[in-house]
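Down below is the structure, laid out as structure tokens.
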Amino acid sequence: MSLIICFFVLQLLTWSRVLLAHESRNNCSRSIMSIGAVLDLSSQMGKHQKIAMQIALQEFNRLSCSKLDLKIENSHGNSAHAVASAMDLTQSKQVLAIIGTITHSEANLASEFDDTIKNIPILSLISPVARSEKSSPLLPYFIQEGYDINLHMQCIAAIVGEFRWRKVTVIYELDNWFSSDPGILLDLSYSLRLVGSEIDNHVALPSLSSLLDPKSTIENELNRLKNKSNRVFLIAHSSLELANILFEKAKQMSLVGKGSVWVIPDGVAGLLDSVNSSSILNMQGVIGFKTHFMETSKAFRRFKFKFRRRFVLEFPEEENINPSFFALQSYKATRAVAQAARESQGKLTLEQLFKSNISRNGKFWQSQTFNIINVIGKSYRELALWSPELGFSKNLITQQLTEMNTNSASSGILSTVYWPGGIQFVPKGWTHSTEQRKLQIGVPAKGAFTEFVNVTYDKNRNKTSITGFSIDVFKEAVHNLSYDLDFAFVPFNGSYDEMVEQVYNKTLDAAVGDTSIMAYRYHLVDFSQPYVDSGIDMVVTEQSAKSKETWIFLKAFTKGMWLMMAALHIFVGFVIWLIERQVNEELKGFGSMLWFLVTVIFYAHTGEPIRSPLARTVLAPWLFVILIATSTFTASLTSMMTVSQLEPSVLDIKSLLKRNSPVGCNGNSFIVKYLTEVQKFKPENIRRINSINDYPSAFQNKDIEAAFFIAPHAKVFMAKYSCRGFIKAGNTFRLGGLGFVFPKGSTLATDISEALLKVLESGEIEQLEKDMLTIEGNASCSPLESKAKDGSPTGFQPFLGLFCICSIVAVLALLYNMICLLMSNVLTFTSYIHLTLTQLRRIWRWTTRYFARSSSRFQSGSLRSVSTATVTRNAEETVINTQ
């Protein structure tokens, strides 16, 4: 009952306030003032702005004594019409202020013809705002209520950076405000560079109002784009109407399909709620961003209800009638001007405008957060939020948590995008193009080490084949790029430095090969991530030196092998001795057994012939084992003695310089320059050798005493010729490694470096290098030579089978011998066992009697002591009682 009473009281208070307000309006004198609006009513944005302004003034007039009238001029999206409309509003309509999509340049031009415009507040709703329009001394009353264009460009770049597209195509509409500031594209280019991307193509579309045949013009531009390779299209600025035609034609030309990417700006994405279904179907998979605002608030819901009801009455042909951010922006701007007009009583000033929620810095009701949207089905879905400070986040709660913890990552936020063509993975944004020029990538045709780059020409097929380790690594890196790379290898017959200069001069687009990363080269070009570590190694011939190690023969076998041989030898000898001592008088003693073990090793046991067939069965496999082990020991010891006697013929570079010795190196390499300028070798002492196969003969003919290689080349040379008496010597000088060459500032260098890191982490480069060294080693060294160079001790694994056979035979022979021995001496063993049991029985009887006698004595002594103690205690009790 109390709730009902409270409800009626509130209703009475509400009605009384309404009646008082109505009575006050009837009593006050209503003055009529006009506010002008310059809008493009042919656009969806202009329609939204018109309805929102009318709602704002209707609400204001209902609750205020002053009456404001809205004078709307249609600019038709044309700059000349906008200037004429502004002049008409100030001259004939005598408006207090002008609101609408009028640019700074248009207002400035209008003020040249009419000075009164300079003193009339102009609120420009152009969004986003160009930097030059934020302030103007010529138009002090010009207030920009849009957004900083740089904020929009940052959001576009953030989307590109999230998916790591390296090249993009920028499309924009050249209307009067976008073309007035060339710095807009510079902002976008700078923002893209920060995320590792760059603009590949530009497409400037004229303003839709200036085109006689928009569809034909757009189709021609799209045909030009279709011949390009890039498929990441960024619409930096466009009206909704031009975007609709653009997507209609792009859909027909299959540019909105698998592998393509389209990003739309706030000016298009913010109006998708008012786009018809046919236009939405052309945008399937498109992503974009729109200004974030609270659509769930009670005030917005009231505004939305009024907006939809009024919009459907004025524009019944429109399908969707949800208000956009631009409508809400116009509504709030109109309310602010109306509030200032009521206080001004006929003359608006800047101070009054600033009091009515219009800030002095031109940032009226701004939000720095954007909704990232994805068009799918008949509408779109919101994927995430983005702001310049916090990046991507799922929702406002996540964004607040991110604000508290700035280290939280945003990767994976946009992982559920529905892309054009219905694919679920991130498109590469790149395709093969017939018009796109192939990258001309130079490769060294005269390298000394064809294992890295091998250029061969087949005369029969008139075809050049390019193979090698460096070529394989580059192809693996290209395979890991996020886009397709169309290139062709071009053999280069000059030196490596000349090839680098060709890349510097842009004659070649890149260079692939075993090129060392050097400081003087880095000054001219960019290098990729090194795919192989490098340095400078010196290789010389081997020479003999007497080994000084005393117990080197023990290293022929491992410790395990020595222990296994000794244990099995003793066991086999013991079994043979145990068998033979029954039938062989010469092997009865223990010393005879020890001597037999020694003679078996040297096959000198003829003095003690083995008579038992069982013993011979045990000895036969063991003699075979000894034969194999002895041969292996001899070979292993020989190998170790040989290896131990080899040392470099030249110890260091100083020895070469002191003796004025001739040295060899790759004639096309930087090593020639290094030896002359850094190590101070005389030029006449440097032999230029252009093939790896010429080095052995140069050493043999005494043409050189040492050869200098970069470390990867030295590995190949040693794998191929180390078995022929070559060894590394001297110090290894560290270098920057081997890398691929690109022009300065090329983004391809960054992409290839990232791809090379993936290949390195996967172990593919290491495997390719192993395969190369294995093939070279197997092709050049015979098995005998390879084994001779191997000085490692031999283990027991190769003999494990023989050891098992010998052990099994010896154990079986031992068991058989024990059984035979038991069977032949049954009576003796029986009597021995009987005698032993009898003795044990006597010992048991004596032990039990002894313990029985001892226990009886102990019990009798205990009884006597107990009775004595009892008598004593009774006597004491008697004495006490007597007392």
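If you're wondering about the labels, chains in the structure tokens are A, B, ... by order shown, residues count from 1 in each chain, ligands from 1 in order shown.
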Could you give me, as a PyMOL selection string, the residues within 10 Å of segment 302-304 of chain A, counting only C-alpha atoms and dropping anything in the same chain fewer than 4 positions from it? chain A and resi 52+55-56+295+297-298+308-310+321-324+327-328+331
Contacts of Pro214 of chain A within 12 Å, only C-alpha atoms, excl. fewer than 6 positions in-chain, as a PyMOL selection string: chain A and resi 173+205-208+220-221+241-246+248-249
Can you spit out the residues from that selection as a PDB file, in the first residue's frame, using N, CA and C atoms?
ATOM      1  N   GLU A 173      39.306   8.982 -51.102  1.00  0.00           N
ATOM      2  CA  GLU A 173      38.478   9.875 -51.904  1.00  0.00           C
ATOM      3  C   GLU A 173      39.019  11.300 -51.782  1.00  0.00           C
ATOM      4  N   LEU A 205      40.702   8.482 -55.679  1.00  0.00           N
ATOM      5  CA  LEU A 205      39.431   8.545 -56.400  1.00  0.00           C
ATOM      6  C   LEU A 205      38.846   9.942 -56.269  1.00  0.00           C
ATOM      7  N   PRO A 206      38.396  10.553 -57.375  1.00  0.00           N
ATOM      8  CA  PRO A 206      37.780  11.879 -57.272  1.00  0.00           C
ATOM      9  C   PRO A 206      36.512  11.831 -56.417  1.00  0.00           C
ATOM     10  N   SER A 207      36.124  12.991 -55.953  1.00  0.00           N
ATOM     11  CA  SER A 207      34.902  13.075 -55.160  1.00  0.00           C
ATOM     12  C   SER A 207      33.713  12.574 -55.971  1.00  0.00           C
ATOM     13  N   LEU A 208      32.810  11.887 -55.302  1.00  0.00           N
ATOM     14  CA  LEU A 208      31.683  11.276 -56.007  1.00  0.00           C
ATOM     15  C   LEU A 208      30.829  12.317 -56.715  1.00  0.00           C
ATOM     16  N   ASN A 220      37.783   1.274 -63.711  1.00  0.00           N
ATOM     17  CA  ASN A 220      39.091   1.438 -64.348  1.00  0.00           C
ATOM     18  C   ASN A 220      40.216   1.396 -63.312  1.00  0.00           C
ATOM     19  N   GLU A 221      40.000   2.045 -62.169  1.00  0.00           N
ATOM     20  CA  GLU A 221      41.020   2.038 -61.113  1.00  0.00           C
ATOM     21  C   GLU A 221      41.205   0.638 -60.525  1.00  0.00           C
ATOM     22  N   GLU A 241      28.684   6.402 -49.836  1.00  0.00           N
ATOM     23  CA  GLU A 241      28.142   6.181 -51.176  1.00  0.00           C
ATOM     24  C   GLU A 241      29.230   5.715 -52.140  1.00  0.00           C
ATOM     25  N   LEU A 242      30.412   6.336 -52.076  1.00  0.00           N
ATOM     26  CA  LEU A 242      31.498   5.902 -52.943  1.00  0.00           C
ATOM     27  C   LEU A 242      31.978   4.506 -52.541  1.00  0.00           C
ATOM     28  N   ALA A 243      32.003   4.233 -51.237  1.00  0.00           N
ATOM     29  CA  ALA A 243      32.425   2.907 -50.771  1.00  0.00           C
ATOM     30  C   ALA A 243      31.467   1.826 -51.257  1.00  0.00           C
ATOM     31  N   ASN A 244      30.172   2.129 -51.302  1.00  0.00           N
ATOM     32  CA  ASN A 244      29.206   1.142 -51.803  1.00  0.00           C
ATOM     33  C   ASN A 244      29.484   0.778 -53.254  1.00  0.00           C
ATOM     34  N   ILE A 245      29.760   1.786 -54.084  1.00  0.00           N
ATOM     35  CA  ILE A 245      30.062   1.522 -55.496  1.00  0.00           C
ATOM     36  C   ILE A 245      31.393   0.774 -55.615  1.00  0.00           C
ATOM     37  N   LEU A 246      32.363   1.168 -54.786  1.00  0.00           N
ATOM     38  CA  LEU A 246      33.680   0.533 -54.816  1.00  0.00           C
ATOM     39  C   LEU A 246      33.588  -0.954 -54.510  1.00  0.00           C
ATOM     40  N   GLU A 248      30.881  -2.833 -54.697  1.00  0.00           N
ATOM     41  CA  GLU A 248      30.064  -3.502 -55.711  1.00  0.00           C
ATOM     42  C   GLU A 248      30.930  -3.922 -56.892  1.00  0.00           C
ATOM     43  N   LYS A 249      31.789  -3.019 -57.368  1.00  0.00           N
ATOM     44  CA  LYS A 249      32.658  -3.330 -58.494  1.00  0.00           C
ATOM     45  C   LYS A 249      33.769  -4.305 -58.102  1.00  0.00           C
TER      46      LYS A 249
END
Just how far from atom CA of Pro712 of chain A is atom CA of Tyr457 of chain A, in Å to one decimal?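 Computing it gives 25.5 Å between the two atoms.
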Given the choices A:Gly745, A:Ser669, A:Tyr172, A:Gly285, which gets closest to Gly494 of chain A if the distance is worked out from only C-alpha atoms?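 Going through A:Gly745, A:Ser669, A:Tyr172, A:Gly285 one by one, the smallest distance to Gly494 of chain A is for A:Ser669.
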Nearest residue to Gly560 of chain A out of A:Val261, A:Leu814, A:Leu96, A:Leu800, using only C-alpha atoms?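 Among the listed residues, the smallest separation from Gly560 of chain A belongs to A:Leu800.
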Show which residues sit within 10 Å of segment 375-382 of chain A, as an mmCIF file with C-alpha atoms, in the first residue's frame. Count only C-alpha atoms, and ignore same-chain residues fewer than 3 positions away.
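As written to disk, out11.cif reads:
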data_model
loop_
_atom_site.group_PDB
_atom_site.id
_atom_site.type_symbol
_atom_site.label_atom_id
_atom_site.label_comp_id
_atom_site.auth_asym_id
_atom_site.auth_seq_id
_atom_site.Cartn_x
_atom_site.Cartn_y
_atom_site.Cartn_z
ATOM 1 C CA ALA A 269 32.088 1.651 -40.690
ATOM 2 C CA LEU A 272 26.957 0.415 -41.536
ATOM 3 C CA ASP A 273 23.856 0.418 -39.359
ATOM 4 C CA VAL A 275 23.420 0.371 -45.123
ATOM 5 C CA ASN A 276 21.003 -1.736 -47.161
ATOM 6 C CA SER A 277 21.375 -5.504 -47.363
ATOM 7 C CA SER A 278 22.758 -5.587 -50.920
ATOM 8 C CA SER A 279 25.665 -3.319 -49.968
ATOM 9 C CA ILE A 280 26.392 -5.403 -46.860
ATOM 10 C CA LEU A 281 26.623 -8.555 -48.989
ATOM 11 C CA ASN A 282 29.333 -6.911 -51.083
ATOM 12 C CA MET A 283 31.393 -6.250 -47.940
ATOM 13 C CA GLN A 284 31.541 -9.779 -46.503
ATOM 14 C CA GLY A 285 34.768 -10.285 -44.536
ATOM 15 C CA VAL A 286 35.680 -6.587 -44.452
ATOM 16 C CA ILE A 287 37.180 -5.267 -41.223
ATOM 17 C CA GLY A 288 37.104 -1.666 -40.042
ATOM 18 C CA PHE A 289 36.855 0.678 -37.082
ATOM 19 C CA LYS A 290 34.161 3.015 -35.774
ATOM 20 C CA ASN A 371 35.395 -0.473 -32.046
ATOM 21 C CA ILE A 372 37.042 -2.946 -34.428
ATOM 22 C CA LEU A 385 38.365 -2.148 -28.836
ATOM 23 C CA LYS A 394 38.231 -7.384 -25.866
ATOM 24 C CA ASN A 395 36.000 -5.017 -23.935
ATOM 25 C CA VAL A 417 38.063 -12.661 -38.043
ATOM 26 C CA TYR A 418 35.806 -13.848 -40.856
ATOM 27 C CA TRP A 419 37.874 -12.970 -43.941
ATOM 28 C CA PRO A 420 36.703 -12.387 -47.543
ATOM 29 C CA GLY A 422 35.041 -17.320 -45.935
#
Neighbour list for Ala556 of chain A as a PyMOL selection string, cut-off 7 Å, only C-alpha atoms, skip fewer than 2 positions in-chain: chain A and resi 553-554+558+633+636-637+793-794
Tell me which of A:Gly429, A:Asp751, A:Phe803, A:Gln58 sits closest to Val160 of chain A, counting only C-alpha atoms.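 Of A:Gly429, A:Asp751, A:Phe803, A:Gln58, the one nearest Val160 of chain A, counting only C-alpha atoms, is A:Gly429.
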Mind giving me the straight-line distance from atom CA of Phe247 of chain A to atom CA of Ser124 of chain A in Å, one decimal?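 Distance reported for this atom pair: 28.8 Å.
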I'd like the neighbourhood of Asp537 of chain A as a list in words, where a residue qualifies if any of its atoms comes within 10 Å (using only C-alpha atoms), though same-chain residues fewer than 5 positions away should be ignored.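 Selected residues are Ala707, Phe708, Phe709, Ile710, Ala711, Pro712, His713, Ala714, Lys715, Lys728, Ala729, Gly730, Asn731, Thr732, Phe733 and Arg734 of chain A.
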Find the distance between atom CA of Ser238 of chain A and atom CA of Asp266 of chain A and write it in Å to one decimal.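 Computing the Euclidean distance for atom CA of Ser238 of chain A and atom CA of Asp266 of chain A yields 9.2 Å.
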DSSP on the backbone: which residues in segment 439-579 of chain A end up as alpha helix (DSSP H)? Give the answer as a count of residues only. 45
Contacts of Cys804 of chain A at 12 Å (only C-alpha atoms; same-chain gap of 6+ positions) as a VMD selection string: chain A and resid 564 to 565 568 621 to 622 625 796 to 798 810 to 811
Take the residues from that selection and write them out as a PDB file, in the first residue's frame, keeping all heavy atoms.
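What follows is the written file selection39.pdb:
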ATOM      1  N   MET A 564      86.397 -55.821 -19.876  1.00  0.00           N
ATOM      2  CA  MET A 564      85.644 -56.939 -20.444  1.00  0.00           C
ATOM      3  C   MET A 564      86.580 -58.032 -20.960  1.00  0.00           C
ATOM      4  O   MET A 564      86.364 -59.229 -20.723  1.00  0.00           O
ATOM      5  CB  MET A 564      84.746 -56.429 -21.571  1.00  0.00           C
ATOM      6  CG  MET A 564      83.881 -57.507 -22.220  1.00  0.00           C
ATOM      7  SD  MET A 564      82.567 -58.092 -21.109  1.00  0.00           S
ATOM      8  CE  MET A 564      81.468 -56.698 -21.144  1.00  0.00           C
ATOM      9  N   MET A 565      87.634 -57.610 -21.659  1.00  0.00           N
ATOM     10  CA  MET A 565      88.606 -58.583 -22.183  1.00  0.00           C
ATOM     11  C   MET A 565      89.287 -59.338 -21.044  1.00  0.00           C
ATOM     12  O   MET A 565      89.431 -60.570 -21.086  1.00  0.00           O
ATOM     13  CB  MET A 565      89.645 -57.856 -23.031  1.00  0.00           C
ATOM     14  CG  MET A 565      89.160 -57.426 -24.414  1.00  0.00           C
ATOM     15  SD  MET A 565      89.033 -58.801 -25.559  1.00  0.00           S
ATOM     16  CE  MET A 565      90.738 -59.294 -25.697  1.00  0.00           C
ATOM     17  N   LEU A 568      86.717 -61.749 -19.138  1.00  0.00           N
ATOM     18  CA  LEU A 568      86.332 -62.914 -19.937  1.00  0.00           C
ATOM     19  C   LEU A 568      87.517 -63.834 -20.185  1.00  0.00           C
ATOM     20  O   LEU A 568      87.370 -65.070 -20.234  1.00  0.00           O
ATOM     21  CB  LEU A 568      85.730 -62.437 -21.263  1.00  0.00           C
ATOM     22  CG  LEU A 568      84.908 -63.466 -22.037  1.00  0.00           C
ATOM     23  CD1 LEU A 568      83.783 -64.014 -21.155  1.00  0.00           C
ATOM     24  CD2 LEU A 568      84.305 -62.851 -23.289  1.00  0.00           C
ATOM     25  N   PRO A 621      86.289 -70.594 -29.891  1.00  0.00           N
ATOM     26  CA  PRO A 621      85.732 -69.244 -30.126  1.00  0.00           C
ATOM     27  C   PRO A 621      86.536 -68.140 -29.458  1.00  0.00           C
ATOM     28  O   PRO A 621      86.602 -67.028 -29.964  1.00  0.00           O
ATOM     29  CB  PRO A 621      84.314 -69.327 -29.551  1.00  0.00           C
ATOM     30  CG  PRO A 621      84.325 -70.459 -28.619  1.00  0.00           C
ATOM     31  CD  PRO A 621      85.327 -71.447 -29.147  1.00  0.00           C
ATOM     32  N   TRP A 622      87.154 -68.473 -28.329  1.00  0.00           N
ATOM     33  CA  TRP A 622      87.932 -67.428 -27.652  1.00  0.00           C
ATOM     34  C   TRP A 622      89.192 -67.065 -28.445  1.00  0.00           C
ATOM     35  O   TRP A 622      89.596 -65.898 -28.482  1.00  0.00           O
ATOM     36  CB  TRP A 622      88.291 -67.889 -26.248  1.00  0.00           C
ATOM     37  CG  TRP A 622      89.041 -66.831 -25.479  1.00  0.00           C
ATOM     38  CD1 TRP A 622      90.286 -66.905 -24.979  1.00  0.00           C
ATOM     39  CD2 TRP A 622      88.575 -65.528 -25.159  1.00  0.00           C
ATOM     40  NE1 TRP A 622      90.638 -65.749 -24.360  1.00  0.00           N
ATOM     41  CE2 TRP A 622      89.586 -64.865 -24.460  1.00  0.00           C
ATOM     42  CE3 TRP A 622      87.378 -64.867 -25.388  1.00  0.00           C
ATOM     43  CZ2 TRP A 622      89.465 -63.579 -23.994  1.00  0.00           C
ATOM     44  CZ3 TRP A 622      87.254 -63.569 -24.928  1.00  0.00           C
ATOM     45  CH2 TRP A 622      88.288 -62.940 -24.244  1.00  0.00           C
ATOM     46  N   VAL A 625      88.130 -64.628 -30.982  1.00  0.00           N
ATOM     47  CA  VAL A 625      87.968 -63.305 -30.385  1.00  0.00           C
ATOM     48  C   VAL A 625      89.322 -62.635 -30.198  1.00  0.00           C
ATOM     49  O   VAL A 625      89.504 -61.437 -30.490  1.00  0.00           O
ATOM     50  CB  VAL A 625      87.213 -63.402 -29.042  1.00  0.00           C
ATOM     51  CG1 VAL A 625      87.218 -62.055 -28.319  1.00  0.00           C
ATOM     52  CG2 VAL A 625      85.787 -63.859 -29.256  1.00  0.00           C
ATOM     53  N   PHE A 796      83.719 -51.895 -26.529  1.00  0.00           N
ATOM     54  CA  PHE A 796      83.398 -53.321 -26.611  1.00  0.00           C
ATOM     55  C   PHE A 796      82.133 -53.600 -27.427  1.00  0.00           C
ATOM     56  O   PHE A 796      81.802 -54.755 -27.652  1.00  0.00           O
ATOM     57  CB  PHE A 796      83.242 -53.918 -25.198  1.00  0.00           C
ATOM     58  CG  PHE A 796      82.086 -53.360 -24.426  1.00  0.00           C
ATOM     59  CD1 PHE A 796      80.804 -53.855 -24.579  1.00  0.00           C
ATOM     60  CD2 PHE A 796      82.284 -52.306 -23.535  1.00  0.00           C
ATOM     61  CE1 PHE A 796      79.742 -53.336 -23.868  1.00  0.00           C
ATOM     62  CE2 PHE A 796      81.221 -51.778 -22.827  1.00  0.00           C
ATOM     63  CZ  PHE A 796      79.950 -52.292 -23.000  1.00  0.00           C
ATOM     64  N   GLN A 797      81.436 -52.539 -27.858  1.00  0.00           N
ATOM     65  CA  GLN A 797      80.201 -52.771 -28.600  1.00  0.00           C
ATOM     66  C   GLN A 797      80.408 -53.599 -29.867  1.00  0.00           C
ATOM     67  O   GLN A 797      79.599 -54.497 -30.158  1.00  0.00           O
ATOM     68  CB  GLN A 797      79.536 -51.427 -28.957  1.00  0.00           C
ATOM     69  CG  GLN A 797      78.889 -50.707 -27.809  1.00  0.00           C
ATOM     70  CD  GLN A 797      79.886 -49.881 -26.998  1.00  0.00           C
ATOM     71  OE1 GLN A 797      81.065 -49.840 -27.336  1.00  0.00           O
ATOM     72  NE2 GLN A 797      79.427 -49.259 -25.930  1.00  0.00           N
ATOM     73  N   PRO A 798      81.471 -53.351 -30.666  1.00  0.00           N
ATOM     74  CA  PRO A 798      81.638 -54.191 -31.868  1.00  0.00           C
ATOM     75  C   PRO A 798      81.890 -55.667 -31.560  1.00  0.00           C
ATOM     76  O   PRO A 798      81.669 -56.520 -32.413  1.00  0.00           O
ATOM     77  CB  PRO A 798      82.843 -53.553 -32.560  1.00  0.00           C
ATOM     78  CG  PRO A 798      82.896 -52.155 -32.053  1.00  0.00           C
ATOM     79  CD  PRO A 798      82.426 -52.242 -30.644  1.00  0.00           C
ATOM     80  N   ALA A 810      81.407 -71.139 -22.508  1.00  0.00           N
ATOM     81  CA  ALA A 810      82.182 -71.406 -21.296  1.00  0.00           C
ATOM     82  C   ALA A 810      81.273 -71.794 -20.134  1.00  0.00           C
ATOM     83  O   ALA A 810      81.573 -72.731 -19.372  1.00  0.00           O
ATOM     84  CB  ALA A 810      83.010 -70.182 -20.936  1.00  0.00           C
ATOM     85  N   VAL A 811      80.141 -71.106 -19.977  1.00  0.00           N
ATOM     86  CA  VAL A 811      79.214 -71.413 -18.873  1.00  0.00           C
ATOM     87  C   VAL A 811      78.619 -72.804 -19.054  1.00  0.00           C
ATOM     88  O   VAL A 811      78.535 -73.597 -18.090  1.00  0.00           O
ATOM     89  CB  VAL A 811      78.116 -70.338 -18.796  1.00  0.00           C
ATOM     90  CG1 VAL A 811      77.011 -70.779 -17.849  1.00  0.00           C
ATOM     91  CG2 VAL A 811      78.700 -69.010 -18.334  1.00  0.00           C
TER      92      VAL A 811
END
Considering only C-alpha atoms, return as a PyMOL selection string whatever protein or nucleic-acid residues lie within 9 Å of Gln154 of chain A, sequence-local ones (same chain, fewer than 6 positions apart) excluded. chain A and resi 187-188+191-192+388
Suppose we keep C-alpha atoms; can you now write the selection as a PDB file, in the first residue's frame?
ATOM      1  CA  ASP A 187      50.910  10.399 -41.187  1.00  0.00           C
ATOM      2  CA  LEU A 188      49.621   7.103 -42.512  1.00  0.00           C
ATOM      3  CA  SER A 191      52.357   4.992 -38.764  1.00  0.00           C
ATOM      4  CA  LEU A 192      52.710   2.021 -41.135  1.00  0.00           C
ATOM      5  CA  PRO A 388      46.370   4.572 -28.883  1.00  0.00           C
TER       6      PRO A 388
END
Could you find all residues in segment 254-385 of chain A that DSSP calls strand (DSSP E) from the backbone, and write them as a PyMOL selection string? chain A and resi 261-264+287-291+370-376+379-385
Selected residues written out, N, CA and C atoms, as an mmCIF file, in the first residue's frame:
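After the write, part20.cif holds the following:
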data_model
loop_
_atom_site.group_PDB
_atom_site.id
_atom_site.type_symbol
_atom_site.label_atom_id
_atom_site.label_comp_id
_atom_site.auth_asym_id
_atom_site.auth_seq_id
_atom_site.Cartn_x
_atom_site.Cartn_y
_atom_site.Cartn_z
ATOM 1 N N VAL A 261 42.257 -8.522 -48.541
ATOM 2 C CA VAL A 261 41.966 -7.877 -47.261
ATOM 3 C C VAL A 261 41.443 -6.475 -47.552
ATOM 4 N N TRP A 262 40.359 -6.098 -46.881
ATOM 5 C CA TRP A 262 39.797 -4.752 -47.013
ATOM 6 C C TRP A 262 39.601 -4.164 -45.616
ATOM 7 N N VAL A 263 40.079 -2.946 -45.439
ATOM 8 C CA VAL A 263 39.921 -2.229 -44.165
ATOM 9 C C VAL A 263 39.192 -0.924 -44.460
ATOM 10 N N ILE A 264 38.082 -0.683 -43.757
ATOM 11 C CA ILE A 264 37.273 0.516 -43.989
ATOM 12 C C ILE A 264 37.425 1.468 -42.801
ATOM 13 N N ILE A 287 36.980 -5.728 -42.597
ATOM 14 C CA ILE A 287 37.180 -5.267 -41.223
ATOM 15 C C ILE A 287 37.322 -3.745 -41.243
ATOM 16 N N GLY A 288 37.028 -3.117 -40.128
ATOM 17 C CA GLY A 288 37.104 -1.666 -40.042
ATOM 18 C C GLY A 288 37.039 -1.197 -38.608
ATOM 19 N N PHE A 289 36.923 0.106 -38.429
ATOM 20 C CA PHE A 289 36.855 0.678 -37.082
ATOM 21 C C PHE A 289 35.841 1.815 -37.068
ATOM 22 N N LYS A 290 35.159 1.956 -35.966
ATOM 23 C CA LYS A 290 34.161 3.015 -35.774
ATOM 24 C C LYS A 290 34.328 3.585 -34.373
ATOM 25 N N THR A 291 33.987 4.852 -34.231
ATOM 26 C CA THR A 291 34.142 5.520 -32.937
ATOM 27 C C THR A 291 33.269 4.857 -31.887
ATOM 28 N N PHE A 370 38.152 3.119 -30.377
ATOM 29 C CA PHE A 370 37.436 2.674 -31.565
ATOM 30 C C PHE A 370 37.006 1.217 -31.393
ATOM 31 N N ASN A 371 35.847 0.915 -31.947
ATOM 32 C CA ASN A 371 35.395 -0.473 -32.046
ATOM 33 C C ASN A 371 35.926 -1.076 -33.341
ATOM 34 N N ILE A 372 36.588 -2.221 -33.249
ATOM 35 C CA ILE A 372 37.042 -2.946 -34.428
ATOM 36 C C ILE A 372 35.913 -3.894 -34.839
ATOM 37 N N ILE A 373 35.424 -3.715 -36.082
ATOM 38 C CA ILE A 373 34.260 -4.484 -36.529
ATOM 39 C C ILE A 373 34.632 -5.378 -37.707
ATOM 40 N N ASN A 374 33.820 -6.401 -37.901
ATOM 41 C CA ASN A 374 34.009 -7.366 -38.997
ATOM 42 C C ASN A 374 32.639 -7.631 -39.625
ATOM 43 N N VAL A 375 32.519 -7.314 -40.917
ATOM 44 C CA VAL A 375 31.243 -7.488 -41.612
ATOM 45 C C VAL A 375 31.028 -8.966 -41.894
ATOM 46 N N ILE A 376 29.884 -9.483 -41.457
ATOM 47 C CA ILE A 376 29.554 -10.887 -41.671
ATOM 48 C C ILE A 376 28.031 -11.025 -41.684
ATOM 49 N N SER A 379 24.921 -8.100 -41.209
ATOM 50 C CA SER A 379 25.336 -6.960 -40.398
ATOM 51 C C SER A 379 26.836 -7.083 -40.126
ATOM 52 N N TYR A 380 27.250 -6.773 -38.936
ATOM 53 C CA TYR A 380 28.659 -6.878 -38.550
ATOM 54 C C TYR A 380 28.715 -7.262 -37.079
ATOM 55 N N ARG A 381 29.890 -7.666 -36.677
ATOM 56 C CA ARG A 381 30.107 -7.973 -35.259
ATOM 57 C C ARG A 381 31.317 -7.195 -34.764
ATOM 58 N N GLU A 382 31.292 -6.843 -33.497
ATOM 59 C CA GLU A 382 32.395 -6.099 -32.895
ATOM 60 C C GLU A 382 33.410 -7.080 -32.325
ATOM 61 N N LEU A 383 34.655 -6.962 -32.787
ATOM 62 C CA LEU A 383 35.707 -7.895 -32.392
ATOM 63 C C LEU A 383 36.458 -7.436 -31.152
ATOM 64 N N ALA A 384 36.760 -6.150 -31.092
ATOM 65 C CA ALA A 384 37.601 -5.661 -30.001
ATOM 66 C C ALA A 384 37.512 -4.147 -29.939
ATOM 67 N N LEU A 385 38.201 -3.590 -28.959
ATOM 68 C CA LEU A 385 38.365 -2.148 -28.836
ATOM 69 C C LEU A 385 39.832 -1.811 -29.094
#
For Ser274 of chain A, which residue out of A:Thr848, A:Ser528, A:Ser854, A:Gln44 is the nearest one, using only C-alpha atoms?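 Among the listed residues, the smallest separation from Ser274 of chain A belongs to A:Gln44.
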